[in-house]
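A.B. asks: Sharing a structure here in structure tokens format.
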Amino acid sequence: MQRQLFSVLFFCQFFVYSQIQLSGKIMDSETNNILPFATITVDSTTTVMTGSDGLFALQIHPPSNLNVSYLGYQSKTVVITDSLIDFITISLTPKVQNLTTVSLKSERNKANDLIAKVKLYKDKNDPNKSLEAYSFKSYQKFKITEDRTAQFESRDTSDVAIKNIFNNTHSFISERVTQHFIKKNIPEKQNILGTKMAGFKHPVYDVLGITIQSSSLYNDEYIIFDERFAGPLGKKSSKQYYYKTLDTLSGSDPAYVILFQPRKTSTVARLEGLLYIDTTTFAIQKSIIELKGELDVKAYHTFEKSDFKDVWLPKSNSIAIKRGNGKQKISLFGGRITVGNLDQKNNKQVNDDFLVSKTDYFDYSLESFQSKLTTQPDIFIDTQAENRDASFWKTYRTDAITDKDLASFPVIDSIVKAQKIERRIKVIQSFTQGFYPLSFINLDLTYPIKYNNYEGLRVGLGGITNESFSKRFRIEGYTVYGFIDDAFKYGVGGGILLNKKHGAWLNVNYKDDLSEVGSFQYLTDRRVYSLFEPRLVNIDFYYKHRTYSTSLQYEIFPKLLSETQFSISEIDQTKNYQYNQDGIWKSSYKTSEAKIALRWSPFSNFLKTPNGTKEIYDGYPKFTAQYTQGMSDVFDSELTYSKVGLKAEYSIDRINLSNTSFLLEGDLGFGELPLTHLFHAYPNAPTKETILQRFSVAGRRSFETMYFSEFFSDKLATFQMRHTFEPMQITSWLKPEFVLITRHAIGTVRDKELHQGVDFKSLEHGYQESGFEINKLIAGFGLSFAFRYGAYSLPEFEDNIAFKFTFYLKL
């Protein structure tokens, strides 16, 4: 018995030793071109497929027979007998074509015909369009790992912790169980039933809003980590891809295998891969998608035929990322916290995956769901999602959690705590909104330092309490000092949360500060923070005001925000301006105003978290409206007037990274309106003699050739259009953007004789300027040029020119 056992072990060691990792590539013997997605069968049992680069990697036990086949080529069998071989190149010979044989060109035509039929039946095969309503659940496991083929080894005991982290754990792991609701012509709604994120007490909600990969192949775009690519079945896909029939699979549901690859003439970001098309319904049964570059990305989709009108429903999808030809960091949370990296060591090809995400779909139902879901945010998190117990996860886990996964959670917890990653994420998220969080207060970064032509250098300090202070109450305040006018300004206020579900805050504020003459601010405009606000530098026409206000912020539903405000202001002039009211010239007056504002974002996507609503996809168009009523004899106010503002924004983002944006705004005022309450078109040209003296920084939406205080209107309409061409890649770090710009304004002003001390004109003949920008030349800076023409062009040619810096730096 011992002799027999010895013999088994003796021969087994040779068997194990003989197993080798074989890599190689498949090529055309005549042209040396690679043959993507060729089929390799090992010993008539195991079948693998090369990638889009013609490469393959597999485990074999020599001697082994490799049968390689590819449509349009003669099959070839290669015998591997030498266990020392680790890489092989296999060349296939094209078949001899005759008049009756299908040519490569006709194969492409056949593939094009098949793709045309897939598009023709898209509405029938896409469940989002063919089914009135349905729901299902999904389980997703997402990992970022520092795995390597070679394990980390060290005799130094001080490296034990490092060895444990890199060999026994993942750098990041998360799980999610989601209930999906889909109704025809309504965006998908997701209810996150459970979520777990290693290392974090609460999930990083930004991650929950990331689209890791598209679940459908029928759309015009395919998404990978919020990056958009041309879909292989989109409306314009025939211009972006060429197709070739590779094979026809038999079985209970036979399918055509279609290769799609990018056309060299296309300028958009493109993919390549395989589509498995049902021969009867022309629905997608399965797909393999690859993206090659600094990172190698491979995505899989499998679909399952259901009883719902014979529709193929998603069964699972997955995505894996490994190192490519270069060196590239992988980071999450807005690209600012690096969780891990990919590193090319010694230029040796390694086949381990760095990032892996897998999603399984199940529990499909055709039962109708509550209609109120249509007004819900696109993603909403169950109140118990962060506190699910082990039995919950055991019920819904469709992908097994490995011992290494389980070992990851406590180790990553300690890493996150030691490196204070939660704190770093909080700082970054607050910084992008213009705040720096301290223990119980967020410092407001818009106050420390500014400059304008009236105050000169304006320095100050401001802040608002955060949830560490109170979840229901907040206190805010600021104080600033202007060096030229030698005056302090300040503001104080507070708020109370009335309704958490609708984000209803009741606020009370007092300000003793300056405001720009002719400016019109919408209450519901989102807070946008920039390191540098260029237009403010040149403003010199302000008025002083002391304002008491109370306001109510209320989220009617995620896509529709509202704010109402009542305010009382005492106004004084900073220049020798006077307004004539009933024959009396006034430089100071008191106003009482009631405002109501709405902002509607019908095409944006929102994530509802325990902390509030977050916009996760900036959809267009957006609409903003505001009505203001000035009332006399209310708290001793003196003026009666009405003001209406309407704004529409639209932006077209293309897959090739070009963009076209439009801004249309109309303002109307009537009644007793001093210059302080009229409208301007946001001019940004200092009143200087030469072009170089006017050289400053261009604004984002301002009229660059219009001089300050040159025009004021009580009726004003403006239109702006920007077209940004795809970035010009000169080097890896120099990718300037060329932008064409045109701006137009028209307006009128009544009773101009009621204003004295300031000489201004109307815009009744229409104002026009056009120009261009070359942005992001260095450190966010670029150059702009604008030219004024039309009815309000000036006699001196150079006075119509604006030449300035631009500053676009994404935080």
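Within each chain, counting starts at residue 1; across the structure tokens, chains are named A, B, ... in the order shown, with ligands numbered 1 upward in that order.
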When DSSP is applied to the backbone of this structure, which of region 354-527 of chain A are assigned alpha helix (DSSP H)? Write them out as a PDB file with N, CA, C and O atoms, in the first residue's frame.
C.D. replies:
ATOM      1  N   ALA A 390     -26.215  39.774   8.917  1.00  0.00           N
ATOM      2  CA  ALA A 390     -25.610  38.701   8.113  1.00  0.00           C
ATOM      3  C   ALA A 390     -26.660  37.908   7.358  1.00  0.00           C
ATOM      4  O   ALA A 390     -26.406  37.454   6.228  1.00  0.00           O
ATOM      5  N   SER A 391     -27.839  37.734   7.952  1.00  0.00           N
ATOM      6  CA  SER A 391     -28.878  36.957   7.275  1.00  0.00           C
ATOM      7  C   SER A 391     -29.348  37.647   6.001  1.00  0.00           C
ATOM      8  O   SER A 391     -29.674  36.976   5.007  1.00  0.00           O
ATOM      9  N   PHE A 392     -29.386  38.970   6.010  1.00  0.00           N
ATOM     10  CA  PHE A 392     -29.767  39.718   4.797  1.00  0.00           C
ATOM     11  C   PHE A 392     -28.780  39.432   3.677  1.00  0.00           C
ATOM     12  O   PHE A 392     -29.168  39.107   2.546  1.00  0.00           O
ATOM     13  N   TRP A 393     -27.490  39.553   3.987  1.00  0.00           N
ATOM     14  CA  TRP A 393     -26.483  39.362   2.948  1.00  0.00           C
ATOM     15  C   TRP A 393     -26.440  37.907   2.492  1.00  0.00           C
ATOM     16  O   TRP A 393     -26.217  37.627   1.307  1.00  0.00           O
ATOM     17  N   LYS A 394     -26.683  36.984   3.387  1.00  0.00           N
ATOM     18  CA  LYS A 394     -26.709  35.581   2.997  1.00  0.00           C
ATOM     19  C   LYS A 394     -27.862  35.305   2.043  1.00  0.00           C
ATOM     20  O   LYS A 394     -27.748  34.496   1.116  1.00  0.00           O
ATOM     21  N   THR A 395     -28.973  36.014   2.222  1.00  0.00           N
ATOM     22  CA  THR A 395     -30.144  35.831   1.365  1.00  0.00           C
ATOM     23  C   THR A 395     -29.891  36.322  -0.052  1.00  0.00           C
ATOM     24  O   THR A 395     -30.293  35.682  -1.041  1.00  0.00           O
ATOM     25  N   TYR A 396     -29.213  37.445  -0.173  1.00  0.00           N
ATOM     26  CA  TYR A 396     -29.109  38.097  -1.476  1.00  0.00           C
ATOM     27  C   TYR A 396     -27.770  37.900  -2.186  1.00  0.00           C
ATOM     28  O   TYR A 396     -27.659  38.232  -3.366  1.00  0.00           O
ATOM     29  N   ASP A 403     -12.767  33.891   1.475  1.00  0.00           N
ATOM     30  CA  ASP A 403     -12.066  34.134   2.740  1.00  0.00           C
ATOM     31  C   ASP A 403     -11.249  35.405   2.660  1.00  0.00           C
ATOM     32  O   ASP A 403     -11.117  36.149   3.635  1.00  0.00           O
ATOM     33  N   LYS A 404     -10.709  35.662   1.468  1.00  0.00           N
ATOM     34  CA  LYS A 404      -9.923  36.879   1.305  1.00  0.00           C
ATOM     35  C   LYS A 404     -10.812  38.116   1.396  1.00  0.00           C
ATOM     36  O   LYS A 404     -10.432  39.131   1.952  1.00  0.00           O
ATOM     37  N   ASP A 405     -12.035  38.017   0.834  1.00  0.00           N
ATOM     38  CA  ASP A 405     -12.985  39.129   0.951  1.00  0.00           C
ATOM     39  C   ASP A 405     -13.274  39.423   2.420  1.00  0.00           C
ATOM     40  O   ASP A 405     -13.250  40.572   2.858  1.00  0.00           O
ATOM     41  N   LEU A 406     -13.569  38.362   3.177  1.00  0.00           N
ATOM     42  CA  LEU A 406     -13.907  38.542   4.594  1.00  0.00           C
ATOM     43  C   LEU A 406     -12.721  39.105   5.369  1.00  0.00           C
ATOM     44  O   LEU A 406     -12.889  39.921   6.279  1.00  0.00           O
ATOM     45  N   ALA A 407     -11.519  38.667   5.001  1.00  0.00           N
ATOM     46  CA  ALA A 407     -10.328  39.175   5.687  1.00  0.00           C
ATOM     47  C   ALA A 407     -10.084  40.641   5.366  1.00  0.00           C
ATOM     48  O   ALA A 407      -9.423  41.349   6.129  1.00  0.00           O
ATOM     49  N   SER A 408     -10.622  41.089   4.239  1.00  0.00           N
ATOM     50  CA  SER A 408     -10.381  42.466   3.815  1.00  0.00           C
ATOM     51  C   SER A 408     -11.052  43.477   4.728  1.00  0.00           C
ATOM     52  O   SER A 408     -10.497  44.536   5.004  1.00  0.00           O
ATOM     53  N   PHE A 409     -12.271  43.180   5.182  1.00  0.00           N
ATOM     54  CA  PHE A 409     -13.048  44.183   5.901  1.00  0.00           C
ATOM     55  C   PHE A 409     -12.325  44.733   7.132  1.00  0.00           C
ATOM     56  O   PHE A 409     -12.152  45.952   7.247  1.00  0.00           O
ATOM     57  N   PRO A 410     -11.866  43.905   8.073  1.00  0.00           N
ATOM     58  CA  PRO A 410     -11.209  44.491   9.248  1.00  0.00           C
ATOM     59  C   PRO A 410      -9.886  45.175   8.923  1.00  0.00           C
ATOM     60  O   PRO A 410      -9.541  46.185   9.543  1.00  0.00           O
ATOM     61  N   VAL A 411      -9.137  44.637   7.951  1.00  0.00           N
ATOM     62  CA  VAL A 411      -7.844  45.246   7.621  1.00  0.00           C
ATOM     63  C   VAL A 411      -8.053  46.601   6.957  1.00  0.00           C
ATOM     64  O   VAL A 411      -7.387  47.588   7.276  1.00  0.00           O
ATOM     65  N   ILE A 412      -9.017  46.666   6.018  1.00  0.00           N
ATOM     66  CA  ILE A 412      -9.287  47.939   5.351  1.00  0.00           C
ATOM     67  C   ILE A 412      -9.841  48.947   6.357  1.00  0.00           C
ATOM     68  O   ILE A 412      -9.540  50.142   6.284  1.00  0.00           O
ATOM     69  N   ASP A 413     -10.636  48.467   7.330  1.00  0.00           N
ATOM     70  CA  ASP A 413     -11.119  49.362   8.384  1.00  0.00           C
ATOM     71  C   ASP A 413      -9.950  50.064   9.060  1.00  0.00           C
ATOM     72  O   ASP A 413      -9.981  51.281   9.289  1.00  0.00           O
ATOM     73  N   SER A 414      -8.913  49.295   9.381  1.00  0.00           N
ATOM     74  CA  SER A 414      -7.763  49.883  10.075  1.00  0.00           C
ATOM     75  C   SER A 414      -6.984  50.827   9.166  1.00  0.00           C
ATOM     76  O   SER A 414      -6.474  51.855   9.610  1.00  0.00           O
ATOM     77  N   ILE A 415      -6.910  50.494   7.841  1.00  0.00           N
ATOM     78  CA  ILE A 415      -6.210  51.367   6.903  1.00  0.00           C
ATOM     79  C   ILE A 415      -6.934  52.706   6.774  1.00  0.00           C
ATOM     80  O   ILE A 415      -6.325  53.777   6.834  1.00  0.00           O
ATOM     81  N   VAL A 416      -8.250  52.638   6.589  1.00  0.00           N
ATOM     82  CA  VAL A 416      -9.043  53.858   6.433  1.00  0.00           C
ATOM     83  C   VAL A 416      -8.915  54.734   7.666  1.00  0.00           C
ATOM     84  O   VAL A 416      -8.786  55.958   7.572  1.00  0.00           O
ATOM     85  N   LYS A 417      -8.933  54.087   8.842  1.00  0.00           N
ATOM     86  CA  LYS A 417      -8.825  54.847  10.085  1.00  0.00           C
ATOM     87  C   LYS A 417      -7.444  55.454  10.239  1.00  0.00           C
ATOM     88  O   LYS A 417      -7.297  56.634  10.589  1.00  0.00           O
ATOM     89  N   ALA A 418      -6.403  54.655   9.954  1.00  0.00           N
ATOM     90  CA  ALA A 418      -5.029  55.139  10.127  1.00  0.00           C
ATOM     91  C   ALA A 418      -4.701  56.272   9.173  1.00  0.00           C
ATOM     92  O   ALA A 418      -4.021  57.238   9.543  1.00  0.00           O
ATOM     93  N   ILE A 421      -8.876  58.475   5.841  1.00  0.00           N
ATOM     94  CA  ILE A 421      -9.422  58.632   4.497  1.00  0.00           C
ATOM     95  C   ILE A 421     -10.814  59.253   4.527  1.00  0.00           C
ATOM     96  O   ILE A 421     -11.151  60.080   3.677  1.00  0.00           O
ATOM     97  N   GLU A 422     -11.629  58.862   5.507  1.00  0.00           N
ATOM     98  CA  GLU A 422     -12.961  59.465   5.597  1.00  0.00           C
ATOM     99  C   GLU A 422     -12.868  60.969   5.759  1.00  0.00           C
ATOM    100  O   GLU A 422     -13.637  61.734   5.156  1.00  0.00           O
ATOM    101  N   ARG A 423     -11.930  61.416   6.582  1.00  0.00           N
ATOM    102  CA  ARG A 423     -11.723  62.853   6.779  1.00  0.00           C
ATOM    103  C   ARG A 423     -11.265  63.519   5.484  1.00  0.00           C
ATOM    104  O   ARG A 423     -11.748  64.589   5.110  1.00  0.00           O
ATOM    105  N   ARG A 424     -10.366  62.866   4.763  1.00  0.00           N
ATOM    106  CA  ARG A 424      -9.852  63.443   3.520  1.00  0.00           C
ATOM    107  C   ARG A 424     -10.956  63.567   2.480  1.00  0.00           C
ATOM    108  O   ARG A 424     -11.045  64.562   1.760  1.00  0.00           O
ATOM    109  N   ILE A 425     -11.815  62.542   2.410  1.00  0.00           N
ATOM    110  CA  ILE A 425     -12.930  62.598   1.460  1.00  0.00           C
ATOM    111  C   ILE A 425     -13.876  63.733   1.820  1.00  0.00           C
ATOM    112  O   ILE A 425     -14.345  64.478   0.954  1.00  0.00           O
ATOM    113  N   LYS A 426     -14.166  63.870   3.112  1.00  0.00           N
ATOM    114  CA  LYS A 426     -15.058  64.935   3.564  1.00  0.00           C
ATOM    115  C   LYS A 426     -14.497  66.309   3.212  1.00  0.00           C
ATOM    116  O   LYS A 426     -15.224  67.202   2.765  1.00  0.00           O
ATOM    117  N   VAL A 427     -13.189  66.480   3.396  1.00  0.00           N
ATOM    118  CA  VAL A 427     -12.548  67.757   3.068  1.00  0.00           C
ATOM    119  C   VAL A 427     -12.668  68.058   1.587  1.00  0.00           C
ATOM    120  O   VAL A 427     -13.018  69.168   1.179  1.00  0.00           O
ATOM    121  N   ILE A 428     -12.419  67.057   0.745  1.00  0.00           N
ATOM    122  CA  ILE A 428     -12.458  67.261  -0.697  1.00  0.00           C
ATOM    123  C   ILE A 428     -13.867  67.577  -1.170  1.00  0.00           C
ATOM    124  O   ILE A 428     -14.084  68.493  -1.976  1.00  0.00           O
ATOM    125  N   GLN A 429     -14.852  66.830  -0.685  1.00  0.00           N
ATOM    126  CA  GLN A 429     -16.230  67.080  -1.089  1.00  0.00           C
ATOM    127  C   GLN A 429     -16.678  68.474  -0.668  1.00  0.00           C
ATOM    128  O   GLN A 429     -17.387  69.160  -1.403  1.00  0.00           O
ATOM    129  N   SER A 430     -16.277  68.919   0.516  1.00  0.00           N
ATOM    130  CA  SER A 430     -16.637  70.256   0.989  1.00  0.00           C
ATOM    131  C   SER A 430     -15.897  71.329   0.195  1.00  0.00           C
ATOM    132  O   SER A 430     -16.459  72.379  -0.123  1.00  0.00           O
ATOM    133  N   PHE A 431     -14.642  71.061  -0.149  1.00  0.00           N
ATOM    134  CA  PHE A 431     -13.827  72.048  -0.849  1.00  0.00           C
ATOM    135  C   PHE A 431     -14.396  72.368  -2.224  1.00  0.00           C
ATOM    136  O   PHE A 431     -14.366  73.519  -2.665  1.00  0.00           O
TER     137      PHE A 431
END
A.B. asks: Just the residues within 6 Å of Phe662 (chain A), please, counting only C-alpha atoms, with nothing from its chain fewer than 2 positions along; format it as a ChimeraX atom specification.
C.D. replies: /A:649-650,720-721
A.B. asks: Using C-alpha atoms, can you write the selected residues to a file as a PDB file, in the first residue's frame?
C.D. replies:
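Now in selection.pdb:
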ATOM      1  CA  GLU A 649     -29.610  76.412 -20.125  1.00  0.00           C
ATOM      2  CA  TYR A 650     -28.817  73.654 -22.584  1.00  0.00           C
ATOM      3  CA  GLN A 720     -24.967  83.099 -25.579  1.00  0.00           C
ATOM      4  CA  MET A 721     -23.532  80.113 -27.408  1.00  0.00           C
TER       5      MET A 721
END
A.B. asks: Extract, using only C-alpha atoms, all DNA, RNA and protein residues at most 12 Å from Ile258 (chain A), discarding same-chain residues fewer than 2 positions from it, and format them as a VMD selection string.
C.D. replies: chain A and resid 36 to 37 71 107 to 115 118 232 to 233 241 to 249 255 to 256 260 to 261 272 to 279 282 284 to 289
A.B. asks: Excluding same-chain residues fewer than 5 positions from Gly747 (chain A), what lies within 7 Å of it counting only C-alpha atoms, as number ranges by chain?
C.D. replies: A: 713, 715-717, 762-764
A.B. asks: How would the residues just picked look written out with N, CA, C and O atoms as a PDB file, in the first residue's frame?
C.D. replies:
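The resulting file, selection_36.pdb, is shown below:
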ATOM      1  N   SER A 713     -31.028  98.242 -18.559  1.00  0.00           N
ATOM      2  CA  SER A 713     -32.314  97.993 -19.211  1.00  0.00           C
ATOM      3  C   SER A 713     -33.366  97.616 -18.176  1.00  0.00           C
ATOM      4  O   SER A 713     -33.054  97.059 -17.117  1.00  0.00           O
ATOM      5  N   LYS A 715     -36.049  96.010 -19.723  1.00  0.00           N
ATOM      6  CA  LYS A 715     -36.390  94.813 -20.490  1.00  0.00           C
ATOM      7  C   LYS A 715     -35.115  94.352 -21.178  1.00  0.00           C
ATOM      8  O   LYS A 715     -34.497  95.122 -21.914  1.00  0.00           O
ATOM      9  N   LEU A 716     -34.728  93.125 -20.936  1.00  0.00           N
ATOM     10  CA  LEU A 716     -33.446  92.654 -21.448  1.00  0.00           C
ATOM     11  C   LEU A 716     -33.540  91.178 -21.822  1.00  0.00           C
ATOM     12  O   LEU A 716     -34.095  90.373 -21.080  1.00  0.00           O
ATOM     13  N   ALA A 717     -32.998  90.847 -22.987  1.00  0.00           N
ATOM     14  CA  ALA A 717     -32.888  89.457 -23.413  1.00  0.00           C
ATOM     15  C   ALA A 717     -31.460  89.213 -23.884  1.00  0.00           C
ATOM     16  O   ALA A 717     -30.907  90.021 -24.644  1.00  0.00           O
ATOM     17  N   SER A 762     -29.322 102.452 -23.782  1.00  0.00           N
ATOM     18  CA  SER A 762     -30.155 101.248 -23.856  1.00  0.00           C
ATOM     19  C   SER A 762     -29.549 100.295 -24.881  1.00  0.00           C
ATOM     20  O   SER A 762     -28.535 100.598 -25.510  1.00  0.00           O
ATOM     21  N   LEU A 763     -30.184  99.138 -25.060  1.00  0.00           N
ATOM     22  CA  LEU A 763     -29.701  98.131 -26.003  1.00  0.00           C
ATOM     23  C   LEU A 763     -30.749  97.848 -27.075  1.00  0.00           C
ATOM     24  O   LEU A 763     -30.829  96.728 -27.591  1.00  0.00           O
ATOM     25  N   GLU A 764     -31.530  98.865 -27.414  1.00  0.00           N
ATOM     26  CA  GLU A 764     -32.672  98.640 -28.300  1.00  0.00           C
ATOM     27  C   GLU A 764     -32.283  98.238 -29.720  1.00  0.00           C
ATOM     28  O   GLU A 764     -33.090  97.656 -30.443  1.00  0.00           O
TER      29      GLU A 764
END
A.B. asks: Considering only C-alpha atoms, state which residue in the set A:Arg654, A:Pro262, A:Asp399, A:Phe225 is at the smallest distance from Ile321 (chain A).
C.D. replies: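 Result for the nearest residue to Ile321 (chain A): A:Phe225.
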A.B. asks: So that I can check the surroundings of Asp28 (chain A), please list as a list in words every protein, DNA and RNA residue that reaches within 9 Å of it, counting only C-alpha atoms and ignoring chain neighbours fewer than 4 positions away.
C.D. replies: Asn32, Asn33, Ile34, Leu35, Tyr73, Ile90, Ser91, Leu92, Thr93 and Pro94 of chain A
A.B. asks: I need the residues from that last selection saved to file as a short mmCIF file (atom, residue, chain, number, x, y, z; two decimals), in the first residue's frame (with N, CA, C and O atoms), if you can.
C.D. replies:
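Listing of again.cif after writing:
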data_model
loop_
_atom_site.label_atom_id
_atom_site.label_comp_id
_atom_site.auth_asym_id
_atom_site.auth_seq_id
_atom_site.Cartn_x
_atom_site.Cartn_y
_atom_site.Cartn_z
N ASN A 32 0.56 39.56 -41.47
CA ASN A 32 1.00 39.69 -40.07
C ASN A 32 0.04 40.53 -39.22
O ASN A 32 0.40 40.98 -38.13
N ASN A 33 -1.17 40.74 -39.73
CA ASN A 33 -2.18 41.43 -38.92
C ASN A 33 -2.70 40.48 -37.85
O ASN A 33 -2.81 39.27 -38.06
N ILE A 34 -3.04 41.05 -36.70
CA ILE A 34 -3.60 40.22 -35.64
C ILE A 34 -5.01 39.77 -36.02
O ILE A 34 -5.70 40.44 -36.80
N LEU A 35 -5.45 38.66 -35.48
CA LEU A 35 -6.80 38.15 -35.71
C LEU A 35 -7.55 38.19 -34.38
O LEU A 35 -7.35 37.32 -33.52
N TYR A 73 -10.40 31.62 -42.68
CA TYR A 73 -9.03 31.11 -42.62
C TYR A 73 -9.06 29.59 -42.45
O TYR A 73 -10.02 29.03 -41.93
N ILE A 90 1.01 31.94 -33.57
CA ILE A 90 0.37 31.01 -34.51
C ILE A 90 -0.17 31.82 -35.69
O ILE A 90 -0.95 32.77 -35.50
N SER A 91 0.26 31.45 -36.90
CA SER A 91 -0.17 32.15 -38.10
C SER A 91 -1.18 31.29 -38.86
O SER A 91 -0.95 30.09 -39.07
N LEU A 92 -2.28 31.92 -39.26
CA LEU A 92 -3.32 31.23 -40.02
C LEU A 92 -3.28 31.70 -41.46
O LEU A 92 -3.02 32.88 -41.75
N THR A 93 -3.57 30.76 -42.38
CA THR A 93 -3.56 31.06 -43.81
C THR A 93 -4.98 31.32 -44.31
O THR A 93 -5.88 30.52 -44.02
N PRO A 94 -5.20 32.41 -45.01
CA PRO A 94 -6.54 32.67 -45.56
C PRO A 94 -6.98 31.56 -46.49
O PRO A 94 -6.16 30.95 -47.20
#
A.B. asks: Provide the CA of Lys322 (chain A) to CA of Lys735 (chain A) distance in Å, to one decimal place.
C.D. replies: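 So the answer is 25.6 Å.
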A.B. asks: Could you check how far CA of Phe380 (chain A) sits from CA of Thr359 (chain A), in Å to one decimal?
C.D. replies: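 So the answer is 18.6 Å.
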A.B. asks: With distances taken over only C-alpha atoms, which of A:Arg750, A:Leu740, A:Thr281, A:Lys761 is nearest to Asn775 (chain A)?
C.D. replies: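 Comparing A:Arg750, A:Leu740, A:Thr281, A:Lys761 against Asn775 (chain A), the winner is A:Leu740.
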A.B. asks: Which residues of region 468-559 of chain A have any atom within 12 Å of an atom in region 666-687 of chain A when counting only C-alpha atoms, and what is the closest pair of atoms for each, with the distance in Å to one decimal? Order the rows by chain and rising number and write it as a Markdown table.
C.D. replies:
| residue | atom | partner | partner_atom | distance |
| --- | --- | --- | --- | --- |
| A:Leu514 | CA | A:Thr676 | CA | 11.3 |
| A:Ser515 | CA | A:Thr676 | CA | 8.8 |
| A:Glu516 | CA | A:Thr676 | CA | 7.8 |
| A:Val517 | CA | A:Thr676 | CA | 4.6 |
| A:Gly518 | CA | A:Phe679 | CA | 4.5 |
| A:Ser519 | CA | A:Phe679 | CA | 6.0 |
| A:Phe520 | CA | A:Phe679 | CA | 6.7 |
| A:Gln521 | CA | A:Phe679 | CA | 10.5 |
| A:Tyr522 | CA | A:Asp667 | CA | 11.5 |
| A:Glu533 | CA | A:Asn684 | CA | 12.0 |
| A:Pro534 | CA | A:Asn684 | CA | 9.1 |
| A:Arg535 | CA | A:Asn684 | CA | 6.1 |
| A:Leu536 | CA | A:Asn684 | CA | 8.8 |
| A:Val537 | CA | A:Asn684 | CA | 9.3 |
| A:Asn538 | CA | A:Pro686 | CA | 6.1 |
| A:Ile539 | CA | A:Asn684 | CA | 7.9 |
| A:Asp540 | CA | A:Pro686 | CA | 9.3 |
| A:Phe541 | CA | A:Thr676 | CA | 9.7 |
| A:Tyr542 | CA | A:Thr676 | CA | 8.4 |
| A:Tyr543 | CA | A:Thr676 | CA | 7.1 |
| A:Lys544 | CA | A:Thr676 | CA | 10.0 |
| A:His545 | CA | A:Thr676 | CA | 10.6 |
A.B. asks: If you run DSSP over the backbone, which residues in region 225-277 of chain A end up strand (DSSP E)? Put them as a list in words.
C.D. replies: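 Put together, the selection reads Glu227, Arg228, Phe229, Ala230, Tyr241, Tyr242, Tyr243, Lys244, Thr245, Leu246, Asp247, Thr248, Leu249, Ala255, Tyr256, Val257, Ile258, Leu259, Phe260, Gln261, Pro262, Glu272, Gly273, Leu274, Leu275, Tyr276 and Ile277 of chain A.
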A.B. asks: How many Å lie between CA of Asp43 (chain A) and CA of Ile60 (chain A), rounded to one decimal?
C.D. replies: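 Separating CA of Asp43 (chain A) from CA of Ile60 (chain A) is a distance of 9.3 Å.
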A.B. asks: Pick the closest to Leu692 (chain A) from A:Lys804, A:Arg527, A:Lys129, A:Lys420: which is it, counting only C-alpha atoms?
C.D. replies: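 Checking each of A:Lys804, A:Arg527, A:Lys129, A:Lys420 against Leu692 (chain A), counting only C-alpha atoms, the winner is A:Lys804.
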A.B. asks: Neighbouring residues of Leu498 (chain A) were defined as those with any atom within 12 Å, considering only C-alpha atoms; residues of the same chain fewer than 6 positions away were excluded. Please report them as number ranges by chain.
C.D. replies: A: 471-473, 504-507, 552-555
A.B. asks: My list of candidates is A:Thr432, A:Thr524, A:Asn185, A:Thr724. Which is closest to Lys647 (chain A) when distances are computed with only C-alpha atoms?
C.D. replies: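 Closest to Lys647 (chain A), using only C-alpha atoms: A:Thr524.
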A.B. asks: Any idea what's packed within 8 Å of region 309-315 of chain A, counting only C-alpha atoms, ignoring anything in its chain fewer than 5 positions away? Could you give it as JSON, numbers by chain?
C.D. replies: {"A": [124, 125, 126, 127, 215, 216, 283, 284, 285, 301, 302, 303, 304, 360, 361, 362]}
A.B. asks: Using only C-alpha atoms for the distances, tell me which of A:Glu773, A:Glu615, A:Asp86, A:Glu798 is nearest to Gly699 (chain A).
C.D. replies: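 Of all the options, A:Glu773 lies closest to Gly699 (chain A).
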